[in-house]
Amino acid sequence: MQFELYDISKTYEENYQDGPFFEGEMPTRPAIKQMQKVFDFEVNSRLGVPAGPLLNSHWCDVYAKLGFDLPVYKTVRSVERTCHPAPNCIFLNADDQFTNRDINTEMKPGERPELDEKITITNSFGVPSLSPEVWMKDIEAGNKKMGPGQLMIVSVNGTPGLAERDLVEDYGYVAAMAKEAGGKIIEVNYSCPNLGGSKEGALFSDPENSALVSKKIRESIGDTPLMIKLGWMPADQLEKVIEANRPYVDGFAAINTIPRKIVNDQGGSALPGEGRLQSGTCGFAIGELAEEVTSNLIDLRTKWKDDFVICSVGGMMTAQDLHRRLEMGADMVMSATAAMWDPYLAQRFHEYK
Ligand SMILES: Cc1cc2nc3c(=O)[nH]c(=O)nc-3n(C[C@H](O)[C@H](O)[C@H](O)COP(=O)(O)O)c2cc1C
């Protein structure tokens with residue numbers, strides 16, 4: 001049976017209002033043998049859905065009930081921002097894993113593969129946000145919807161070009177709002193590739209500027225656990241970024257989507273509208289690039305005898321993929337693309353022997 005909890009033929013607004021689209025049976029999860037630790041929180045498991053598919057507290061609630069104990073509330077901003085026009089996700093033709101040579105190169109849309117674990121998509125939303133008035137109340141509601149041993153994480157993004165604050169200040173400001181709303185762990189997105197190559201999307205690979213922003217956020221949220229979301233980068237650059245940021249942050253979530261140019265048969269942008277040729281890709285085909293970054297983060301943590309938290313994200317499509325990353329040494333594992341189509345992924349993760 002195939003599911004489509006996030007319906008990619010619908011707009012972001014329709015998914016926000018009416019999703020997730022799931023009428024199947026709710027799984028009965030096996031008894032929890034041992035509680036796990038994430039920062040100072042006791043949780044049922046270290047499995048989550050990363051920032052993206054969970055558009056509001058209702059989405060977080062449904063996925064928590066499906067067994068994803070660490071749902072991340074989709075990235076919000078300090079100001080309202082509309083979404084790129086639909087479609088926001090398209091299936092891609094990708095039989096093989098991407099390598100770093102594929103980054104930013106062209107590729108074509110495809111069909112949904114027979115096997116869900118082979119799904120690769122591009123997603124392009126442009127980090128939309130409702131007004132803080134709406135999302136702050138909704139975060140409060142989301143926290144109340146979590147079951148015992150479940151923890152909602154809140155993702156935020158700074159916004160450039162505001163009259164009232166510069167970008168660095170806005171990162172601090174929005175993170176403080178997320179904390180005020182009840183965010184128990186704050187994740188900051190430094191790596192959205194769908195923002196037309198702007199500064200806010202490229203921050204993750206810039207050691208000095210990202211550290212400047214992290215310092216500002218740390219000042220504004222006190223000792224609330226802070227993770228920053230990174231994209232793929234080579235090991236030497238990753239080292240510089242982690243070294244510069246580790247005084248201010250508690251953990252690193254990686255990776256965000258891999259940027260590619262998604263072209264139609266005429267060679268134009270497959271996604272409608274300005275600035276959407278480059279678009280983030282995720283799911284099956286980014287697994288190896290994501291695993292490489294997890295492995296590099298673990299190496300750095302070992303080398304420096306540090307204890308920063310590693311939240312591994314990217315290309316985990318099966319329970320086995322998720323467990324493998326935990327066994328490597330990741331502290332949390334999260335699936336976005338797989339969870340959009342597979343309501344029972346968490347259940348299989350919990351039943352995995
Ligand atoms: C529909 C969708 C929306 C996303 N939106 C965000 C976002 O708002 N903020 C963010 O940090 N990452 C976002 N992402 C990226 C995911 O958090 C994740 O890093 C990426 O999809 C790789 O994981 P995957 O291969 O399991 O999909 C989004 C991903 C998807 C599929």
# chains A, B, ... in the order shown; residues from 1 in each chain; ligands from 1
>>> residues_around(residues="Thr122 in chain A", least_positions_apart="6", cutoff="6 Å", atoms="only C-alpha atoms", output="PyMOL selection string")
chain A and resi 89-90+280-281
>>> write_last_selection(atoms="all heavy atoms", output="CSV table (one decimal), in the first residue's frame")
chain,number,residue,atom,x,y,z
A,89,CYS,N,7.3,20.3,-4.5
A,89,CYS,CA,8.2,19.1,-4.5
A,89,CYS,C,7.9,18.3,-5.8
A,89,CYS,O,6.8,18.3,-6.3
A,89,CYS,CB,7.8,18.1,-3.4
A,89,CYS,SG,8.0,18.8,-1.7
A,90,ILE,N,9.0,17.8,-6.4
A,90,ILE,CA,8.8,16.9,-7.6
A,90,ILE,C,9.7,15.7,-7.4
A,90,ILE,O,10.8,15.9,-6.9
A,90,ILE,CB,9.2,17.6,-9.0
A,90,ILE,CG1,9.7,19.0,-8.8
A,90,ILE,CG2,8.1,17.5,-9.9
A,90,ILE,CD1,9.9,19.7,-10.2
A,280,GLY,N,16.9,22.4,-3.8
A,280,GLY,CA,17.4,21.4,-2.9
A,280,GLY,C,16.9,20.0,-3.2
A,280,GLY,O,15.7,19.8,-3.4
A,281,THR,N,17.7,19.0,-3.2
A,281,THR,CA,17.3,17.6,-3.4
A,281,THR,C,17.5,16.8,-2.2
A,281,THR,O,18.4,17.0,-1.4
A,281,THR,CB,18.1,17.0,-4.6
A,281,THR,OG1,19.5,16.9,-4.2
A,281,THR,CG2,17.9,17.8,-5.9
>>> residues_near_ligand(ligand="ligand 1", cutoff="6 Å", atoms="only C-alpha atoms and all ligand atoms", output="PyMOL selection string")
chain A and resi 50-53+74-75+123+127+189+255-257+282-283+313-316+335-337
>>> write_last_selection(atoms="N, CA and C atoms", output="mmCIF file, in the first residue's frame")
data_model
loop_
_atom_site.group_PDB
_atom_site.id
_atom_site.type_symbol
_atom_site.label_atom_id
_atom_site.label_comp_id
_atom_site.auth_asym_id
_atom_site.auth_seq_id
_atom_site.Cartn_x
_atom_site.Cartn_y
_atom_site.Cartn_z
ATOM 1 N N PRO A 50 13.071 15.804 10.584
ATOM 2 C CA PRO A 50 13.771 17.103 10.620
ATOM 3 C C PRO A 50 12.870 18.235 10.131
ATOM 4 N N ALA A 51 13.353 19.448 10.257
ATOM 5 C CA ALA A 51 12.592 20.630 9.842
ATOM 6 C C ALA A 51 12.131 20.481 8.403
ATOM 7 N N GLY A 52 10.854 20.657 8.159
ATOM 8 C CA GLY A 52 10.352 20.642 6.788
ATOM 9 C C GLY A 52 8.943 20.116 6.664
ATOM 10 N N PRO A 53 8.806 18.788 6.655
ATOM 11 C CA PRO A 53 7.469 18.252 6.399
ATOM 12 C C PRO A 53 6.439 18.548 7.486
ATOM 13 N N LYS A 74 8.490 22.972 11.522
ATOM 14 C CA LYS A 74 9.102 23.581 10.325
ATOM 15 C C LYS A 74 9.581 25.017 10.562
ATOM 16 N N THR A 75 10.732 25.299 9.998
ATOM 17 C CA THR A 75 11.416 26.589 10.144
ATOM 18 C C THR A 75 10.479 27.803 10.059
ATOM 19 N N ASN A 123 12.799 19.735 -3.229
ATOM 20 C CA ASN A 123 11.775 20.537 -2.548
ATOM 21 C C ASN A 123 12.211 21.990 -2.569
ATOM 22 N N VAL A 127 11.440 28.790 2.515
ATOM 23 C CA VAL A 127 11.234 29.053 3.944
ATOM 24 C C VAL A 127 10.075 30.037 4.190
ATOM 25 N N ASN A 189 18.506 27.345 10.983
ATOM 26 C CA ASN A 189 18.797 26.893 9.620
ATOM 27 C C ASN A 189 19.772 27.848 8.941
ATOM 28 N N ILE A 255 22.603 16.556 7.081
ATOM 29 C CA ILE A 255 22.737 17.681 6.193
ATOM 30 C C ILE A 255 21.367 18.204 5.755
ATOM 31 N N ASN A 256 21.390 19.416 5.249
ATOM 32 C CA ASN A 256 20.233 19.948 4.552
ATOM 33 C C ASN A 256 20.247 19.359 3.141
ATOM 34 N N THR A 257 19.390 19.837 2.285
ATOM 35 C CA THR A 257 19.293 19.278 0.927
ATOM 36 C C THR A 257 20.533 19.602 0.090
ATOM 37 N N CYS A 282 16.635 15.808 -1.974
ATOM 38 C CA CYS A 282 16.698 15.029 -0.741
ATOM 39 C C CYS A 282 16.114 13.645 -0.967
ATOM 40 N N GLY A 283 16.253 12.805 0.047
ATOM 41 C CA GLY A 283 15.779 11.428 -0.081
ATOM 42 C C GLY A 283 16.912 10.490 -0.467
ATOM 43 N N VAL A 313 21.005 13.712 9.477
ATOM 44 C CA VAL A 313 19.839 13.880 8.597
ATOM 45 C C VAL A 313 20.286 13.651 7.163
ATOM 46 N N GLY A 314 19.436 13.002 6.379
ATOM 47 C CA GLY A 314 19.697 12.926 4.941
ATOM 48 C C GLY A 314 19.764 11.520 4.402
ATOM 49 N N GLY A 315 18.805 11.207 3.559
ATOM 50 C CA GLY A 315 18.865 9.972 2.780
ATOM 51 C C GLY A 315 18.629 8.694 3.551
ATOM 52 N N MET A 316 18.115 8.789 4.774
ATOM 53 C CA MET A 316 17.792 7.545 5.495
ATOM 54 C C MET A 316 16.360 7.170 5.156
ATOM 55 N N SER A 335 14.446 11.483 9.492
ATOM 56 C CA SER A 335 14.112 11.305 8.070
ATOM 57 C C SER A 335 12.997 12.250 7.674
ATOM 58 N N ALA A 336 13.227 12.998 6.598
ATOM 59 C CA ALA A 336 12.176 13.885 6.084
ATOM 60 C C ALA A 336 11.456 13.220 4.915
ATOM 61 N N THR A 337 12.183 12.998 3.808
ATOM 62 C CA THR A 337 11.544 12.476 2.602
ATOM 63 C C THR A 337 10.849 11.142 2.872
#
>>> residues_around(residues="Arg348 in chain A", least_positions_apart="6", cutoff="10 Å", atoms="only C-alpha atoms", output="list in words")
Pro27, Arg29, Gly67, Thr318, Ala319 and Gln320 of chain A
>>> write_last_selection(atoms="all heavy atoms", output="short mmCIF file (atom, residue, chain, number, x, y, z; two decimals), in the first residue's frame")
data_model
loop_
_atom_site.label_atom_id
_atom_site.label_comp_id
_atom_site.auth_asym_id
_atom_site.auth_seq_id
_atom_site.Cartn_x
_atom_site.Cartn_y
_atom_site.Cartn_z
N PRO A 27 -0.05 2.66 14.46
CA PRO A 27 0.67 1.49 14.96
C PRO A 27 0.68 1.43 16.49
O PRO A 27 0.60 2.45 17.15
CB PRO A 27 2.09 1.70 14.43
CG PRO A 27 2.20 3.18 14.21
CD PRO A 27 0.84 3.68 13.89
N ARG A 29 3.11 0.66 19.29
CA ARG A 29 4.56 0.49 19.35
C ARG A 29 4.96 -0.48 20.46
O ARG A 29 4.26 -0.62 21.46
CB ARG A 29 5.28 1.84 19.45
CG ARG A 29 5.33 2.48 20.79
CD ARG A 29 5.83 3.89 20.68
NE ARG A 29 7.26 4.01 20.86
CZ ARG A 29 7.94 5.14 20.69
NH1 ARG A 29 7.32 6.24 20.31
NH2 ARG A 29 9.22 5.19 20.90
N GLY A 67 5.21 7.59 16.14
CA GLY A 67 6.42 7.06 16.78
C GLY A 67 7.68 7.88 16.55
O GLY A 67 8.76 7.49 16.99
N THR A 318 15.14 3.71 5.37
CA THR A 318 14.67 2.49 6.02
C THR A 318 15.10 2.48 7.49
O THR A 318 15.99 3.24 7.90
CB THR A 318 15.29 1.24 5.35
OG1 THR A 318 16.71 1.28 5.57
CG2 THR A 318 15.01 1.18 3.86
N ALA A 319 14.48 1.56 8.25
CA ALA A 319 14.84 1.41 9.67
C ALA A 319 16.33 1.07 9.79
O ALA A 319 17.03 1.55 10.69
CB ALA A 319 13.99 0.32 10.30
N GLN A 320 16.79 0.25 8.86
CA GLN A 320 18.20 -0.14 8.88
C GLN A 320 19.12 1.07 8.68
O GLN A 320 20.13 1.21 9.38
CB GLN A 320 18.42 -1.15 7.75
CG GLN A 320 19.71 -1.89 7.85
CD GLN A 320 19.89 -2.84 6.67
OE1 GLN A 320 19.06 -2.86 5.75
NE2 GLN A 320 20.94 -3.61 6.67
#
>>> residues_around(residues="Trp59 in chain A", least_positions_apart="4", cutoff="9 Å", atoms="only C-alpha atoms", output="list in words")
Tyr16, Gly19, Pro20, Pro53, Leu54, Leu55, Tyr63, Ala64, Pro71 and Tyr73 of chain A
>>> write_last_selection(atoms="N, CA, C and O atoms", output="CSV table (one decimal), in the first residue's frame")
chain,number,residue,atom,x,y,z
A,16,TYR,N,-0.9,22.6,4.8
A,16,TYR,CA,-0.8,23.2,6.1
A,16,TYR,C,-2.2,23.0,6.8
A,16,TYR,O,-2.3,22.6,8.0
A,19,GLY,N,-3.6,18.7,6.0
A,19,GLY,CA,-2.7,17.5,6.2
A,19,GLY,C,-2.4,17.2,7.6
A,19,GLY,O,-2.8,18.0,8.5
A,20,PRO,N,-1.7,16.2,7.9
A,20,PRO,CA,-1.3,15.1,7.0
A,20,PRO,C,-2.4,14.2,6.6
A,20,PRO,O,-3.4,14.0,7.3
A,53,PRO,N,8.8,18.8,6.7
A,53,PRO,CA,7.5,18.3,6.4
A,53,PRO,C,6.4,18.5,7.5
A,53,PRO,O,5.2,18.5,7.2
A,54,LEU,N,6.9,18.8,8.7
A,54,LEU,CA,5.9,19.0,9.8
A,54,LEU,C,5.6,20.5,9.9
A,54,LEU,O,6.3,21.3,10.6
A,55,LEU,N,4.5,20.9,9.2
A,55,LEU,CA,4.2,22.3,9.0
A,55,LEU,C,3.6,23.0,10.2
A,55,LEU,O,3.7,24.3,10.2
A,63,TYR,N,2.8,12.9,13.7
A,63,TYR,CA,4.0,12.1,13.5
A,63,TYR,C,4.5,11.6,14.9
A,63,TYR,O,5.1,10.6,15.0
A,64,ALA,N,4.3,12.4,15.9
A,64,ALA,CA,4.7,11.9,17.3
A,64,ALA,C,3.9,10.6,17.6
A,64,ALA,O,4.4,9.6,18.1
A,71,PRO,N,9.9,15.4,16.8
A,71,PRO,CA,9.4,16.1,15.6
A,71,PRO,C,10.0,17.5,15.6
A,71,PRO,O,10.0,18.2,16.7
A,73,TYR,N,9.5,21.3,14.4
A,73,TYR,CA,8.5,22.2,13.8
A,73,TYR,C,9.1,23.0,12.7
A,73,TYR,O,10.2,23.6,12.8
>>> select_by_dssp(residues="range 127-228 of chain A", states="alpha helix (DSSP H)", output="ChimeraX atom specification")
/A:132-145,167-180,199-202,207-221
>>> write_last_selection(atoms="N, CA and C atoms", output="CSV table (one decimal), in the first residue's frame")
chain,number,residue,atom,x,y,z
A,132,PRO,N,4.6,35.6,13.5
A,132,PRO,CA,5.0,35.1,14.9
A,132,PRO,C,3.8,34.9,15.8
A,133,GLU,N,2.8,35.8,15.6
A,133,GLU,CA,1.6,35.7,16.5
A,133,GLU,C,1.0,34.3,16.3
A,134,VAL,N,1.0,33.8,15.1
A,134,VAL,CA,0.3,32.5,14.9
A,134,VAL,C,1.3,31.4,15.3
A,135,TRP,N,2.5,31.4,14.9
A,135,TRP,CA,3.4,30.3,15.2
A,135,TRP,C,3.8,30.2,16.7
A,136,MET,N,3.8,31.3,17.3
A,136,MET,CA,4.2,31.3,18.8
A,136,MET,C,3.1,30.5,19.6
A,137,LYS,N,1.8,30.8,19.3
A,137,LYS,CA,0.7,30.1,19.9
A,137,LYS,C,0.7,28.7,19.6
A,138,ASP,N,1.0,28.4,18.3
A,138,ASP,CA,1.0,27.0,17.8
A,138,ASP,C,2.1,26.2,18.4
A,139,ILE,N,3.3,26.8,18.7
A,139,ILE,CA,4.4,26.0,19.3
A,139,ILE,C,4.0,25.7,20.8
A,140,GLU,N,3.3,26.6,21.4
A,140,GLU,CA,2.8,26.3,22.8
A,140,GLU,C,1.8,25.1,22.7
A,141,ALA,N,1.0,25.1,21.7
A,141,ALA,CA,0.0,24.0,21.5
A,141,ALA,C,0.7,22.7,21.2
A,142,GLY,N,1.8,22.8,20.4
A,142,GLY,CA,2.5,21.6,20.0
A,142,GLY,C,3.2,20.9,21.2
A,143,ASN,N,3.8,21.7,22.1
A,143,ASN,CA,4.4,21.1,23.3
A,143,ASN,C,3.4,20.3,24.1
A,144,LYS,N,2.2,20.8,24.1
A,144,LYS,CA,1.1,20.1,24.9
A,144,LYS,C,0.7,18.9,24.3
A,145,LYS,N,0.9,18.8,22.9
A,145,LYS,CA,0.4,17.6,22.2
A,145,LYS,C,1.4,16.4,22.3
A,167,LEU,N,20.5,41.3,9.6
A,167,LEU,CA,20.3,39.8,9.5
A,167,LEU,C,20.8,39.1,10.8
A,168,VAL,N,22.0,39.6,11.3
A,168,VAL,CA,22.5,38.9,12.5
A,168,VAL,C,21.6,39.1,13.7
A,169,GLU,N,21.1,40.3,13.8
A,169,GLU,CA,20.2,40.6,14.9
A,169,GLU,C,18.9,39.8,14.8
A,170,ASP,N,18.5,39.7,13.5
A,170,ASP,CA,17.2,39.0,13.3
A,170,ASP,C,17.3,37.5,13.7
A,171,TYR,N,18.5,36.9,13.5
A,171,TYR,CA,18.7,35.5,13.9
A,171,TYR,C,18.5,35.4,15.4
A,172,GLY,N,19.1,36.3,16.1
A,172,GLY,CA,19.0,36.3,17.6
A,172,GLY,C,17.6,36.6,18.0
A,173,TYR,N,16.9,37.5,17.3
A,173,TYR,CA,15.5,37.9,17.7
A,173,TYR,C,14.6,36.7,17.5
A,174,VAL,N,14.7,36.0,16.3
A,174,VAL,CA,13.7,35.0,16.0
A,174,VAL,C,14.0,33.8,17.0
A,175,ALA,N,15.2,33.5,17.3
A,175,ALA,CA,15.5,32.4,18.2
A,175,ALA,C,15.0,32.7,19.6
A,176,ALA,N,15.1,33.9,20.0
A,176,ALA,CA,14.5,34.3,21.3
A,176,ALA,C,13.0,34.2,21.3
A,177,MET,N,12.4,34.5,20.2
A,177,MET,CA,10.9,34.3,20.1
A,177,MET,C,10.5,32.9,20.2
A,178,ALA,N,11.3,32.0,19.5
A,178,ALA,CA,11.0,30.6,19.6
A,178,ALA,C,11.2,30.0,21.0
A,179,LYS,N,12.1,30.5,21.7
A,179,LYS,CA,12.3,30.1,23.1
A,179,LYS,C,11.1,30.6,23.9
A,180,GLU,N,10.8,31.9,23.7
A,180,GLU,CA,9.6,32.5,24.5
A,180,GLU,C,8.4,31.7,24.3
A,199,LYS,N,22.6,35.3,1.2
A,199,LYS,CA,23.5,35.1,2.3
A,199,LYS,C,22.9,34.1,3.4
A,200,GLU,N,21.6,34.3,3.6
A,200,GLU,CA,21.0,33.4,4.7
A,200,GLU,C,21.1,32.0,4.3
A,201,GLY,N,21.2,31.6,3.1
A,201,GLY,CA,21.2,30.2,2.7
A,201,GLY,C,22.7,29.6,2.7
A,202,ALA,N,23.6,30.5,2.6
A,202,ALA,CA,25.0,30.1,2.4
A,202,ALA,C,25.9,30.3,3.7
A,207,PRO,N,32.8,30.1,8.0
A,207,PRO,CA,33.1,30.0,9.5
A,207,PRO,C,32.9,31.3,10.3
A,208,GLU,N,33.5,32.4,9.8
A,208,GLU,CA,33.4,33.6,10.6
A,208,GLU,C,32.0,34.1,10.7
A,209,ASN,N,31.3,34.3,9.6
A,209,ASN,CA,30.0,34.8,9.7
A,209,ASN,C,29.0,33.9,10.4
A,210,SER,N,29.1,32.6,10.2
A,210,SER,CA,28.2,31.7,10.9
A,210,SER,C,28.4,31.8,12.4
A,211,ALA,N,29.7,31.9,12.8
A,211,ALA,CA,30.0,32.0,14.2
A,211,ALA,C,29.5,33.3,14.9
A,212,LEU,N,29.6,34.4,14.1
A,212,LEU,CA,29.1,35.7,14.5
A,212,LEU,C,27.6,35.5,14.8
A,213,VAL,N,26.9,34.9,13.9
A,213,VAL,CA,25.4,34.7,14.1
A,213,VAL,C,25.2,33.7,15.3
A,214,SER,N,25.9,32.7,15.4
A,214,SER,CA,25.7,31.7,16.5
A,214,SER,C,26.0,32.4,17.9
A,215,LYS,N,27.0,33.3,17.9
A,215,LYS,CA,27.3,34.0,19.2
A,215,LYS,C,26.1,34.9,19.5
A,216,LYS,N,25.5,35.6,18.6
A,216,LYS,CA,24.4,36.4,18.8
A,216,LYS,C,23.2,35.6,19.3
A,217,ILE,N,23.0,34.5,18.7
A,217,ILE,CA,21.8,33.6,19.1
A,217,ILE,C,22.1,33.1,20.6
A,218,ARG,N,23.3,32.7,20.8
A,218,ARG,CA,23.6,32.2,22.2
A,218,ARG,C,23.3,33.3,23.2
A,219,GLU,N,23.7,34.6,22.9
A,219,GLU,CA,23.4,35.7,23.8
A,219,GLU,C,21.9,35.9,24.0
A,220,SER,N,21.2,35.6,23.0
A,220,SER,CA,19.7,35.9,23.1
A,220,SER,C,18.9,34.7,23.7
A,221,ILE,N,19.4,33.5,23.7
A,221,ILE,CA,18.6,32.4,24.2
A,221,ILE,C,19.2,31.8,25.5
>>> residues_around(residues="Val333 in chain A", least_positions_apart="5", cutoff="10 Å", atoms="only C-alpha atoms", output="list in words")
Ser45, Arg46, Leu47, Gly48, Val49, Pro50, Leu70, Ala253, Ala254, Ile310, Cys311, Ser312, Val313, Gly314, Met316, Asp321, Leu322, His323, Arg324, Arg325 and Leu326 of chain A
>>> closest_residue(among="A:Thr99, A:Gln347, A:Lys353, A:Met1", to="Pro234 in chain A", atoms="only C-alpha atoms")
A:Thr99
>>> closest_atom_pairs(of="range 137-239 of chain A", to="range 295-305 of chain A", cutoff="12 Å", atoms="only C-alpha atoms", output="Markdown table")
| residue | atom | partner | partner_atom | distance |
| --- | --- | --- | --- | --- |
| A:Leu230 | CA | A:Leu297 | CA | 11.1 |
| A:Trp232 | CA | A:Asn296 | CA | 10.7 |
| A:Met233 | CA | A:Asn296 | CA | 10.1 |
| A:Pro234 | CA | A:Asn296 | CA | 9.1 |
| A:Ala235 | CA | A:Asn296 | CA | 6.3 |
| A:Asp236 | CA | A:Asn296 | CA | 9.4 |
| A:Gln237 | CA | A:Asn296 | CA | 10.8 |
| A:Leu238 | CA | A:Asn296 | CA | 8.0 |
| A:Glu239 | CA | A:Leu300 | CA | 7.1 |
>>> residues_around(residues="Pro225 in chain A", least_positions_apart="4", cutoff="9 Å", atoms="only C-alpha atoms", output="number ranges by chain")
A: 39, 184-187, 221, 249-251
>>> select_by_dssp(residues="range 222-301 of chain A", states="strand (DSSP E or B)", output="list in words")
Leu226, Met227, Ile228, Lys229, Leu230, Gly251, Phe252, Ala253, Ala254, Ile258, Pro259, Arg260, Lys261, Ile262, Val263, Ser269, Gln278, Ser279, Gly280, Thr281, Cys282 and Gly283 of chain A
>>> residues_around(residues="Gly110 in chain A", least_positions_apart="3", cutoff="9 Å", atoms="only C-alpha atoms", output="mmCIF file with N, CA, C and O atoms, in the first residue's frame")
data_model
loop_
_atom_site.group_PDB
_atom_site.id
_atom_site.type_symbol
_atom_site.label_atom_id
_atom_site.label_comp_id
_atom_site.auth_asym_id
_atom_site.auth_seq_id
_atom_site.Cartn_x
_atom_site.Cartn_y
_atom_site.Cartn_z
ATOM 1 N N ILE A 90 8.968 17.825 -6.414
ATOM 2 C CA ILE A 90 8.805 16.944 -7.576
ATOM 3 C C ILE A 90 9.737 15.731 -7.428
ATOM 4 O O ILE A 90 10.833 15.851 -6.887
ATOM 5 N N PHE A 91 9.233 14.605 -7.939
ATOM 6 C CA PHE A 91 10.070 13.400 -7.958
ATOM 7 C C PHE A 91 11.193 13.586 -8.962
ATOM 8 O O PHE A 91 11.019 14.231 -9.996
ATOM 9 N N LEU A 92 12.348 12.997 -8.646
ATOM 10 C CA LEU A 92 13.505 13.090 -9.539
ATOM 11 C C LEU A 92 13.923 11.705 -9.999
ATOM 12 O O LEU A 92 13.692 10.703 -9.315
ATOM 13 N N ASN A 93 14.544 11.714 -11.148
ATOM 14 C CA ASN A 93 15.045 10.504 -11.748
ATOM 15 C C ASN A 93 16.437 10.226 -11.197
ATOM 16 O O ASN A 93 17.412 10.768 -11.690
ATOM 17 N N ALA A 94 16.548 9.426 -10.166
ATOM 18 C CA ALA A 94 17.882 9.205 -9.574
ATOM 19 C C ALA A 94 18.005 7.747 -9.145
ATOM 20 O O ALA A 94 17.455 7.357 -8.127
ATOM 21 N N PRO A 113 9.159 6.263 -7.803
ATOM 22 C CA PRO A 113 9.667 4.905 -8.046
ATOM 23 C C PRO A 113 8.757 3.856 -7.412
ATOM 24 O O PRO A 113 7.950 4.191 -6.542
ATOM 25 N N ILE A 121 13.542 13.464 -4.203
ATOM 26 C CA ILE A 121 12.728 14.592 -4.673
ATOM 27 C C ILE A 121 13.556 15.869 -4.638
ATOM 28 O O ILE A 121 14.637 15.905 -4.059
#
>>> atom_distance(atom1="CA of Val38 in chain A", atom2="CA of Thr294 in chain A")
16.9 Å
>>> closest_residue(among="A:Cys192, A:Lys108, A:Gln97, A:Ser269", to="Glu288 in chain A", atoms="only C-alpha atoms")
A:Gln97
>>> atom_distance(atom1="CA of Glu80 in chain A", atom2="CA of Pro128 in chain A")
7.4 Å
>>> decode(residues="range 271-276 of chain A", atoms="all heavy atoms", output="PDB file, in the first residue's frame")
ATOM      1  N   LEU A 271      10.724  24.057 -12.049  1.00  0.00           N
ATOM      2  CA  LEU A 271       9.845  24.678 -11.058  1.00  0.00           C
ATOM      3  C   LEU A 271       9.478  26.077 -11.553  1.00  0.00           C
ATOM      4  O   LEU A 271      10.335  26.794 -12.079  1.00  0.00           O
ATOM      5  CB  LEU A 271      10.558  24.774  -9.705  1.00  0.00           C
ATOM      6  CG  LEU A 271      10.745  23.441  -8.986  1.00  0.00           C
ATOM      7  CD1 LEU A 271      11.892  23.526  -7.979  1.00  0.00           C
ATOM      8  CD2 LEU A 271       9.461  23.017  -8.285  1.00  0.00           C
ATOM      9  N   PRO A 272       8.211  26.477 -11.390  1.00  0.00           N
ATOM     10  CA  PRO A 272       7.771  27.759 -11.951  1.00  0.00           C
ATOM     11  C   PRO A 272       8.273  28.958 -11.145  1.00  0.00           C
ATOM     12  O   PRO A 272       8.440  28.860  -9.930  1.00  0.00           O
ATOM     13  CB  PRO A 272       6.237  27.654 -11.858  1.00  0.00           C
ATOM     14  CG  PRO A 272       6.002  26.736 -10.693  1.00  0.00           C
ATOM     15  CD  PRO A 272       7.149  25.764 -10.662  1.00  0.00           C
ATOM     16  N   GLY A 273       8.475  30.073 -11.837  1.00  0.00           N
ATOM     17  CA  GLY A 273       8.818  31.328 -11.145  1.00  0.00           C
ATOM     18  C   GLY A 273      10.304  31.618 -11.154  1.00  0.00           C
ATOM     19  O   GLY A 273      11.122  30.785 -11.538  1.00  0.00           O
ATOM     20  N   GLU A 274      10.604  32.841 -10.747  1.00  0.00           N
ATOM     21  CA  GLU A 274      11.979  33.352 -10.724  1.00  0.00           C
ATOM     22  C   GLU A 274      12.869  32.608  -9.727  1.00  0.00           C
ATOM     23  O   GLU A 274      12.409  32.264  -8.631  1.00  0.00           O
ATOM     24  CB  GLU A 274      11.951  34.813 -10.250  1.00  0.00           C
ATOM     25  CG  GLU A 274      11.557  35.837 -11.289  1.00  0.00           C
ATOM     26  CD  GLU A 274      12.662  36.040 -12.313  1.00  0.00           C
ATOM     27  OE1 GLU A 274      13.720  36.562 -11.916  1.00  0.00           O
ATOM     28  OE2 GLU A 274      12.461  35.671 -13.490  1.00  0.00           O
ATOM     29  N   GLY A 275      14.123  32.432 -10.078  1.00  0.00           N
ATOM     30  CA  GLY A 275      15.125  31.982  -9.107  1.00  0.00           C
ATOM     31  C   GLY A 275      14.926  30.578  -8.578  1.00  0.00           C
ATOM     32  O   GLY A 275      15.376  30.255  -7.489  1.00  0.00           O
ATOM     33  N   ARG A 276      14.228  29.718  -9.337  1.00  0.00           N
ATOM     34  CA  ARG A 276      13.959  28.389  -8.783  1.00  0.00           C
ATOM     35  C   ARG A 276      14.666  27.268  -9.538  1.00  0.00           C
ATOM     36  O   ARG A 276      14.388  26.084  -9.312  1.00  0.00           O
ATOM     37  CB  ARG A 276      12.461  28.141  -8.729  1.00  0.00           C
ATOM     38  CG  ARG A 276      11.820  29.092  -7.758  1.00  0.00           C
ATOM     39  CD  ARG A 276      10.378  28.807  -7.588  1.00  0.00           C
ATOM     40  NE  ARG A 276      10.112  27.640  -6.744  1.00  0.00           N
ATOM     41  CZ  ARG A 276       8.954  26.990  -6.742  1.00  0.00           C
ATOM     42  NH1 ARG A 276       7.998  27.342  -7.559  1.00  0.00           N
ATOM     43  NH2 ARG A 276       8.778  25.967  -5.922  1.00  0.00           N
TER      44      ARG A 276
END
